[in-house]
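Asks: You'll find structure38.txt just under this line, and it carries compact mmCIF, C-alpha atoms.
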# COMPACT_ATOMS: atom_id res chain seq x y z
CA MET A 55 -74.39 114.86 63.52
CA GLU A 56 -71.14 113.51 62.18
CA ASN A 57 -69.53 116.93 62.62
CA SER A 58 -70.49 117.08 66.24
CA GLN A 59 -69.02 113.63 66.92
CA SER A 60 -65.81 114.41 65.30
CA THR A 61 -65.46 117.58 67.30
CA SER A 62 -66.22 115.87 70.59
CA SER A 63 -63.77 113.11 69.90
CA SER A 64 -60.95 115.50 69.12
CA VAL A 65 -61.15 117.58 72.28
CA PRO A 66 -60.09 114.95 74.75
CA TRP A 67 -56.96 114.16 72.80
CA GLY A 68 -55.92 117.78 72.85
CA VAL A 69 -56.56 117.96 76.56
CA ILE A 70 -54.65 114.78 77.09
CA VAL A 71 -51.66 116.10 75.07
CA GLY A 72 -51.64 119.34 77.00
CA ILE A 73 -51.81 117.55 80.33
CA MET A 74 -48.92 115.30 79.29
CA ILE A 75 -46.79 118.33 78.27
CA VAL A 76 -47.40 119.93 81.67
CA ILE A 77 -46.53 116.69 83.47
CA ILE A 78 -43.30 116.28 81.45
CA ALA A 79 -42.30 119.87 82.21
CA ILE A 80 -42.91 119.36 85.95
CA LEU A 81 -40.93 116.12 85.98
CA TRP A 82 -37.98 117.73 84.11
CA PHE A 83 -37.93 120.57 86.54
CA VAL A 84 -38.02 118.30 89.62
CA LEU A 85 -35.48 115.86 88.34
CA SER A 86 -33.04 118.52 87.20
CA GLU A 87 -33.14 120.36 90.56
CA ASP A 88 -30.54 118.04 92.16
CA GLU A 89 -28.10 118.27 89.26
CA VAL A 90 -27.82 122.03 88.84
CA GLU A 91 -26.01 123.83 91.62
CA PRO A 92 -27.74 126.97 92.67
CA ILE A 93 -25.97 130.11 91.56
CA ILE A 94 -24.90 131.94 94.66
CA HIS A 95 -23.96 135.51 94.08
CA THR A 96 -21.10 136.14 96.50
CA PRO A 97 -20.33 139.75 96.93
CA VAL A 98 -16.86 140.57 95.50
CA VAL A 99 -14.66 141.99 98.19
CA GLU A 100 -11.90 143.97 96.60
CA GLU A 101 -8.65 143.20 98.35
CA PRO A 102 -6.58 146.24 98.98
CA ILE A 103 -3.63 146.54 96.69
CA VAL A 104 -0.69 145.94 98.88
CA GLU A 105 2.52 147.14 97.37
CA PRO A 106 5.31 144.74 97.99
CA THR A 107 7.40 145.82 100.87
CA PRO A 108 10.88 146.41 99.54
CA GLU A 109 13.37 144.10 101.05
CA PRO A 110 15.56 145.94 103.44
CA GLU A 111 18.91 146.82 101.89
CA ILE A 112 21.46 144.58 103.38
CA ILE A 113 24.35 146.75 104.34
CA GLU A 114 27.36 144.62 104.67
CA PRO A 115 29.49 145.76 107.50
CA GLU A 116 32.59 147.50 106.22
CA VAL A 117 35.52 145.26 106.76
CA VAL A 118 38.20 147.43 108.17
CA GLU A 119 41.47 145.74 107.66
CA PRO A 120 43.82 146.33 110.48
CA ALA A 121 46.30 149.00 109.53
CA ILE A 122 49.63 147.53 108.74
CA GLU A 123 52.14 149.56 110.52
CA GLU A 124 55.06 150.27 108.31
CA GLU A 125 58.22 149.10 109.80
CA VAL A 126 60.05 152.19 110.78
CA ILE A 127 63.71 151.68 110.25
CA GLU A 128 65.44 153.93 112.60
CA LYS A 129 68.40 155.51 110.97
CA PRO A 130 71.42 155.53 113.13
CA ALA A 131 71.91 158.89 114.64
CA PRO A 132 74.70 160.72 112.87
CA GLU A 133 77.86 160.68 114.78
CA PRO A 134 78.46 164.03 116.36
CA ALA A 135 81.08 165.99 114.58
CA SER A 136 84.31 165.70 116.42
CA LEU A 137 85.30 168.85 118.18
CA LEU A 138 88.62 169.88 116.75
CA PRO A 139 91.25 171.37 118.97
CA THR A 140 92.81 174.69 118.15
CA LEU A 141 95.78 174.70 115.82
CA ASP A 142 98.12 175.39 118.72
CA GLU A 143 96.69 172.44 120.69
CA SER A 144 96.43 169.97 117.80
CA ASP A 145 99.63 168.05 118.65
CA ALA A 146 97.97 166.27 121.57
CA TRP A 147 95.03 165.26 119.32
CA LEU A 148 97.42 163.83 116.70
CA GLU A 149 99.64 162.06 119.23
CA GLU A 150 96.57 160.20 120.46
CA LYS A 151 95.43 159.27 116.95
CA LEU A 152 98.72 158.35 115.27
CA PRO A 153 99.18 154.91 116.89
CA THR A 154 95.90 153.77 115.31
CA ILE A 155 96.97 154.49 111.76
CA THR A 156 99.85 152.04 111.40
CA TRP A 157 100.75 148.55 112.56
CA ARG A 158 104.42 149.62 112.66
CA LYS A 159 103.99 151.75 115.77
CA GLU A 160 107.70 151.62 116.53
CA LEU A 161 108.30 153.70 113.39
CA LEU A 162 106.30 156.63 114.78
CA LYS A 163 109.55 157.71 116.45
CA LEU A 164 110.48 159.12 113.02
CA VAL A 165 107.67 161.70 113.32
CA ILE A 166 108.49 165.04 114.92
CA ASP A 167 105.68 165.60 117.43
CA ASP A 168 106.00 169.37 117.65
CA ASP A 169 103.71 171.67 115.64
CA MET A 170 102.90 168.77 113.30
CA ILE A 171 100.21 170.41 111.18
CA ARG A 172 102.23 173.55 110.53
CA ARG A 173 105.30 171.45 109.65
CA PHE A 174 103.27 169.35 107.22
CA VAL A 175 101.79 172.42 105.52
CA VAL A 176 105.04 174.39 105.24
CA PHE A 177 107.13 171.41 104.03
CA THR A 178 104.48 170.37 101.46
CA ASP A 179 104.11 173.91 100.12
CA ASN A 180 107.88 174.24 99.67
CA PHE A 181 108.25 170.75 98.20
CA SER A 182 105.60 171.50 95.54
CA GLN A 183 107.87 174.38 94.46
CA GLY A 184 110.99 172.22 94.44
CA ILE A 185 112.36 173.56 97.73
CA LEU A 186 113.40 171.43 100.70
CA ALA A 187 112.54 173.19 103.97
CA TYR A 188 114.47 170.85 106.25
CA GLU A 189 113.83 173.00 109.30
CA HIS A 190 110.10 172.39 108.82
CA SER A 191 110.31 168.70 107.97
CA PRO A 192 107.63 166.58 109.69
CA LEU A 193 110.16 163.73 109.95
CA ILE A 194 113.54 163.54 111.61
CA LYS A 195 116.61 163.50 109.39
CA PRO A 196 118.37 160.22 108.67
CA THR A 197 121.25 159.63 111.04
CA SER A 198 123.57 158.06 108.49
CA PRO A 199 125.07 160.46 105.89
CA PHE A 200 125.04 160.01 102.15
CA SER A 201 128.16 158.52 100.66
CA GLY A 202 129.49 157.73 97.20
CA ARG A 203 131.50 154.75 96.09
CA GLU A 204 134.88 155.46 94.48
CA ILE A 205 135.89 153.15 91.61
CA ASN A 206 139.23 153.15 89.78
CA GLU A 207 138.64 152.75 86.04
CA ASN A 208 141.68 152.87 83.76
CA GLY A 209 143.59 154.99 86.20
CA ASN A 210 140.70 157.39 86.69
CA VAL A 211 138.78 157.62 89.93
CA ILE A 212 135.03 157.56 89.30
CA ILE A 213 132.50 158.11 92.03
CA LYS A 214 129.44 155.95 91.60
CA TRP A 215 126.17 156.04 93.42
CA ASP A 216 126.38 153.83 96.46
CA ASP A 217 123.13 151.88 96.58
CA THR A 218 123.63 151.19 100.26
CA SER A 219 123.14 154.92 100.92
CA SER A 220 119.50 154.54 99.91
CA ARG A 221 118.92 152.13 102.75
CA ARG A 222 118.93 155.03 105.22
CA PHE A 223 115.49 155.91 103.87
CA SER A 224 114.09 152.39 104.19
CA LEU A 225 112.43 152.97 107.57
CA TYR A 226 110.66 156.08 106.27
CA VAL A 227 109.35 154.10 103.31
CA ASP A 228 108.24 151.28 105.61
CA LEU A 229 106.31 153.81 107.72
CA LEU A 230 104.57 155.23 104.67
CA ARG A 231 103.78 151.76 103.37
CA SER A 232 102.30 150.64 106.71
CA VAL A 233 99.88 153.58 106.96
CA ASP A 234 96.18 152.96 106.28
CA SER A 235 95.66 155.34 103.38
CA GLU A 236 91.86 155.41 103.81
CA THR A 237 92.20 156.57 107.41
CA LEU A 238 94.97 159.00 106.51
CA VAL A 239 92.82 160.73 103.89
CA SER A 240 89.86 160.77 106.28
CA TRP A 241 91.99 162.49 108.90
CA TYR A 242 93.20 165.01 106.37
CA PHE A 243 89.68 166.19 105.58
CA GLU A 244 88.70 166.08 109.25
CA LEU A 245 91.63 168.34 110.08
CA LYS A 246 91.15 170.48 106.95
CA PRO A 247 90.00 173.57 108.92
CA LEU A 248 93.27 173.53 110.88
CA VAL A 249 95.27 172.79 107.73
CA ASP A 250 93.64 175.78 106.01
CA GLU A 251 94.39 177.96 109.02
CA ALA A 252 98.06 176.98 108.91
CA TYR A 253 98.17 177.60 105.15
CA GLN A 254 96.57 181.03 105.54
CA GLU A 255 99.31 181.92 108.00
CA LEU A 256 101.73 181.59 105.07
CA GLY A 257 99.87 184.34 103.25
CA TYR A 258 97.52 182.31 101.03
CA PRO A 259 94.03 183.34 102.17
CA GLU A 260 92.27 182.39 98.92
CA GLU A 261 94.04 179.22 97.76
CA ASP A 262 92.99 175.67 98.63
CA PHE A 263 95.80 173.69 100.24
CA THR A 264 94.45 170.46 98.74
CA ASP A 265 95.57 171.71 95.33
CA ILE A 266 99.07 172.29 96.71
CA LEU A 267 99.11 168.82 98.26
CA GLN A 268 98.12 167.26 94.94
CA ASP A 269 100.84 169.29 93.18
CA ALA A 270 103.43 167.90 95.58
CA ILE A 271 102.21 164.34 95.03
CA THR A 272 102.18 164.83 91.25
CA LYS A 273 105.78 166.02 91.44
CA VAL A 274 106.76 162.66 92.92
CA LEU A 275 104.66 160.66 90.46
CA ASP A 276 106.17 162.48 87.47
CA MET A 277 109.75 161.95 88.59
CA GLU A 278 111.67 159.81 86.11
CA ILE A 279 113.89 157.08 87.47
CA PRO A 280 117.34 156.93 85.81
CA LYS A 281 117.93 153.68 83.98
CA GLU A 282 121.71 153.73 84.52
CA GLN A 283 123.74 154.11 87.66
CA ILE A 284 124.34 157.78 88.42
CA GLU A 285 127.87 159.15 88.53
CA LEU A 286 128.88 161.75 91.07
CA VAL A 287 131.62 164.34 91.48
CA ARG A 288 132.97 165.93 94.64
CA PRO A 289 134.38 169.37 93.90
CA SER A 290 134.11 170.23 97.58
CA VAL A 291 132.76 168.61 100.71
CA MET A 292 129.36 168.02 99.10
CA TYR A 293 128.72 165.51 96.35
CA GLN A 294 127.21 166.67 93.09
CA PHE A 295 125.76 164.86 90.09
CA LYS A 296 128.20 164.59 87.24
CA ASP A 297 125.42 164.86 84.66
CA GLU A 298 124.72 168.58 84.40
CA ASP A 299 121.08 168.01 83.43
CA ILE A 300 120.55 166.07 86.64
CA GLU A 301 122.43 168.63 88.68
CA ARG A 302 120.11 171.33 87.35
CA LEU A 303 117.09 169.56 88.84
CA ASP A 304 115.56 171.29 91.84
CA ASP A 305 116.35 170.16 95.37
CA ALA A 306 113.10 168.17 95.75
CA GLU A 307 113.79 166.19 92.58
CA LYS A 308 117.41 165.48 93.60
CA LEU A 309 116.17 164.23 96.97
CA MET A 310 113.95 161.74 95.17
CA LEU A 311 116.99 160.48 93.25
CA ARG A 312 118.88 160.01 96.52
CA LEU A 313 115.99 157.89 97.82
CA GLY A 314 117.02 155.17 95.40
CA LYS A 315 115.07 153.36 92.69
CA GLU A 316 113.36 150.75 94.89
CA ASN A 317 112.28 153.22 97.56
CA LEU A 318 110.99 155.68 94.98
CA LEU A 319 108.88 153.02 93.28
CA VAL A 320 107.19 152.16 96.60
CA ILE A 321 106.58 155.84 97.40
CA LYS A 322 105.05 156.42 93.96
CA SER A 323 102.67 153.50 94.46
CA VAL A 324 101.49 154.66 97.90
CA LEU A 325 101.12 158.30 96.88
CA LEU A 326 99.16 157.34 93.76
CA GLU A 327 96.61 155.55 95.96
CA ILE A 328 96.42 158.50 98.35
CA SER A 329 96.04 160.96 95.48
CA GLU A 330 93.10 159.02 94.03
CA LYS A 331 91.35 158.91 97.41
CA ILE A 332 91.86 162.66 97.94
CA ALA A 333 90.47 163.44 94.48
CA ARG A 334 87.41 161.23 95.14
CA GLU A 335 86.71 162.78 98.54
CA ASN A 336 87.28 166.31 97.27
CA ASN A 337 84.65 166.06 94.49
Can I see the file as structure tokens?

Replies:
Amino acid sequence: MENSQSTSSSVPWGVIVGIMIVIIAILWFVLSEDEVEPIIHTPVVEEPIVEPTPEPEIIEPEVVEPAIEEEVIEKPAPEPASLLPTLDESDAWLEEKLPTITWRKELLKLVIDDDMIRRFVVFTDNFSQGILAYEHSPLIKPTSPFSGREINENGNVIIKWDDTSSRRFSLYVDLLRSVDSETLVSWYFELKPLVDEAYQELGYPEEDFTDILQDAITKVLDMEIPKEQIELVRPSVMYQFKDEDIERLDDAEKLMLRLGKENLLVIKSVLLEISEKIARENN
């Protein structure tokens, strides 16, 4: 009997516990429904892989600098070569040019205006050899004659050089000194074809007349000027130098002595300048 009571009393408690567990489970489920978000399975849409579009290459416009035109310096057109006259017609050419070469135009009357180039060539060629070709001189002869000065010394008559005789050459020296040497040398080379033609007529087809001209100038430059007054003798109509060494000089050298010391110094100075210009132009 006691066993049956104990069994009957224990059943309800087990039922009650089971019912309570079920109730608690239901309540937990209901209460937790609002707190838990439902899991929504959203289909995954794969986005296409878009490769980044490359940025367009920025091409900077080529900056074309305006062309700088080089300044063209126009060279002056060369002066046309002057047309030379023939040798036979060259006097008119020279007569037109001569007044422009000196400021002492009144002294041009000393120049012989006939066959001037041939006269210059023949006289210079002879002078370089110590010969005076008076008939071919490019200048007129002095009008006043040479004269000596007689001095009585201890009963002896001595003829001295008369310095006043040298004055007859003063105008010729003034003409030479007034000439523009630069222009003179320029004319020489401009007229060189005619000068060569005149020189070839003398029988020198191969030689250069410029060498002969320089020889003539050198002859003047090398001439020594006597330190003492020169004595003269007059065995006949013509005067001679008393010093035999001087008398043995060639005619060109004796002419330079008759020019006088002062005149010869001026001529040497002018001819030295001309010679240097000829040498420079001829190189």

Asks: Using all atoms listed in the file, find each residue of region 141-170 of chain A with at least one atom at most 9 Å away from an atom of region 180-196 of chain A; report its shortest atom-to-atom pair and that distance in Å (one decimal), sort the rows by chain and rising residue number, and return the result as a tab-separated table.

Replies:
residue	atom	partner	partner_atom	distance
A:Lys163	CA	A:Ile194	CA	8.6
A:Leu164	CA	A:Leu193	CA	5.5
A:Val165	CA	A:Leu193	CA	4.7
A:Ile166	CA	A:Leu193	CA	5.4
A:Asp167	CA	A:Pro192	CA	8.0
A:Asp168	CA	A:Pro192	CA	8.6
A:Asp169	CA	A:Pro192	CA	8.8
A:Met170	CA	A:Pro192	CA	6.3

Asks: Could those selected residues go to a file with C-alpha atoms, as a PDB file, in the frame of the given file?

Replies:
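Full text of result.pdb as output:
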ATOM      1  CA  LYS A 163     109.550 157.710 116.450  1.00  0.00           C
ATOM      2  CA  LEU A 164     110.480 159.120 113.020  1.00  0.00           C
ATOM      3  CA  VAL A 165     107.670 161.700 113.320  1.00  0.00           C
ATOM      4  CA  ILE A 166     108.490 165.040 114.920  1.00  0.00           C
ATOM      5  CA  ASP A 167     105.680 165.600 117.430  1.00  0.00           C
ATOM      6  CA  ASP A 168     106.000 169.370 117.650  1.00  0.00           C
ATOM      7  CA  ASP A 169     103.710 171.670 115.640  1.00  0.00           C
ATOM      8  CA  MET A 170     102.900 168.770 113.300  1.00  0.00           C
TER       9      MET A 170
END

Asks: Counting all atoms listed in the file, select every polymer residue within 7 Å of (95.5, 179.7, 103.6) as defined in the file's coordinates, and provide the selection as a PyMOL selection string.

Replies: chain A and resi 250-263

Asks: Under the rule that all atoms listed in the file are counted, which of A:Val239, A:Asp276, A:Pro289, A:Ala270 is the nearest residue to Asn336 (chain A)?

Replies: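 Using all atoms listed in the file, the shortest distance to Asn336 (chain A) belongs to A:Val239.
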
Asks: Using all atoms listed in the file, which protein or nucleic acid residues come within 12 Å of Met277 (chain A)? Drop anything in the same chain fewer than 3 positions from it, and give the result as a list of chain:residue names.

Replies: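 Here the answer would be A:Gly184, A:Ala270, A:Ile271, A:Thr272, A:Lys273, A:Val274, A:Pro280, A:Ile300, A:Leu303, A:Asp304, A:Ala306, A:Glu307, A:Lys308, A:Leu309, A:Met310, A:Leu311, A:Leu313, A:Lys315, A:Leu318, A:Leu319, A:Ile321, A:Lys322.
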
Asks: As an exercise, work out the distance from CA of Asp234 (chain A) to CA of Thr156 (chain A) in Å and give it to one decimal place.

Replies: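 Answer for the CA of Asp234 (chain A) to CA of Thr156 (chain A) separation: 6.4 Å.
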
Asks: Interatomic distance between CA of Leu138 (chain A) and CA of Leu245 (chain A)?

Replies: 7.5 Å

Asks: So how far away is CA of Pro247 (chain A) from CA of Leu141 (chain A), in Å?

Replies: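 Distance reported for this atom pair: 9.1 Å.
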
Asks: Taking all atoms listed in the file into account, name the residue in A:Ile332, A:Arg203, A:Thr197, A:Val320 that is nearest to Thr264 (chain A).

Replies: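 Ranked by minimum distance to Thr264 (chain A), first place goes to A:Ile332.
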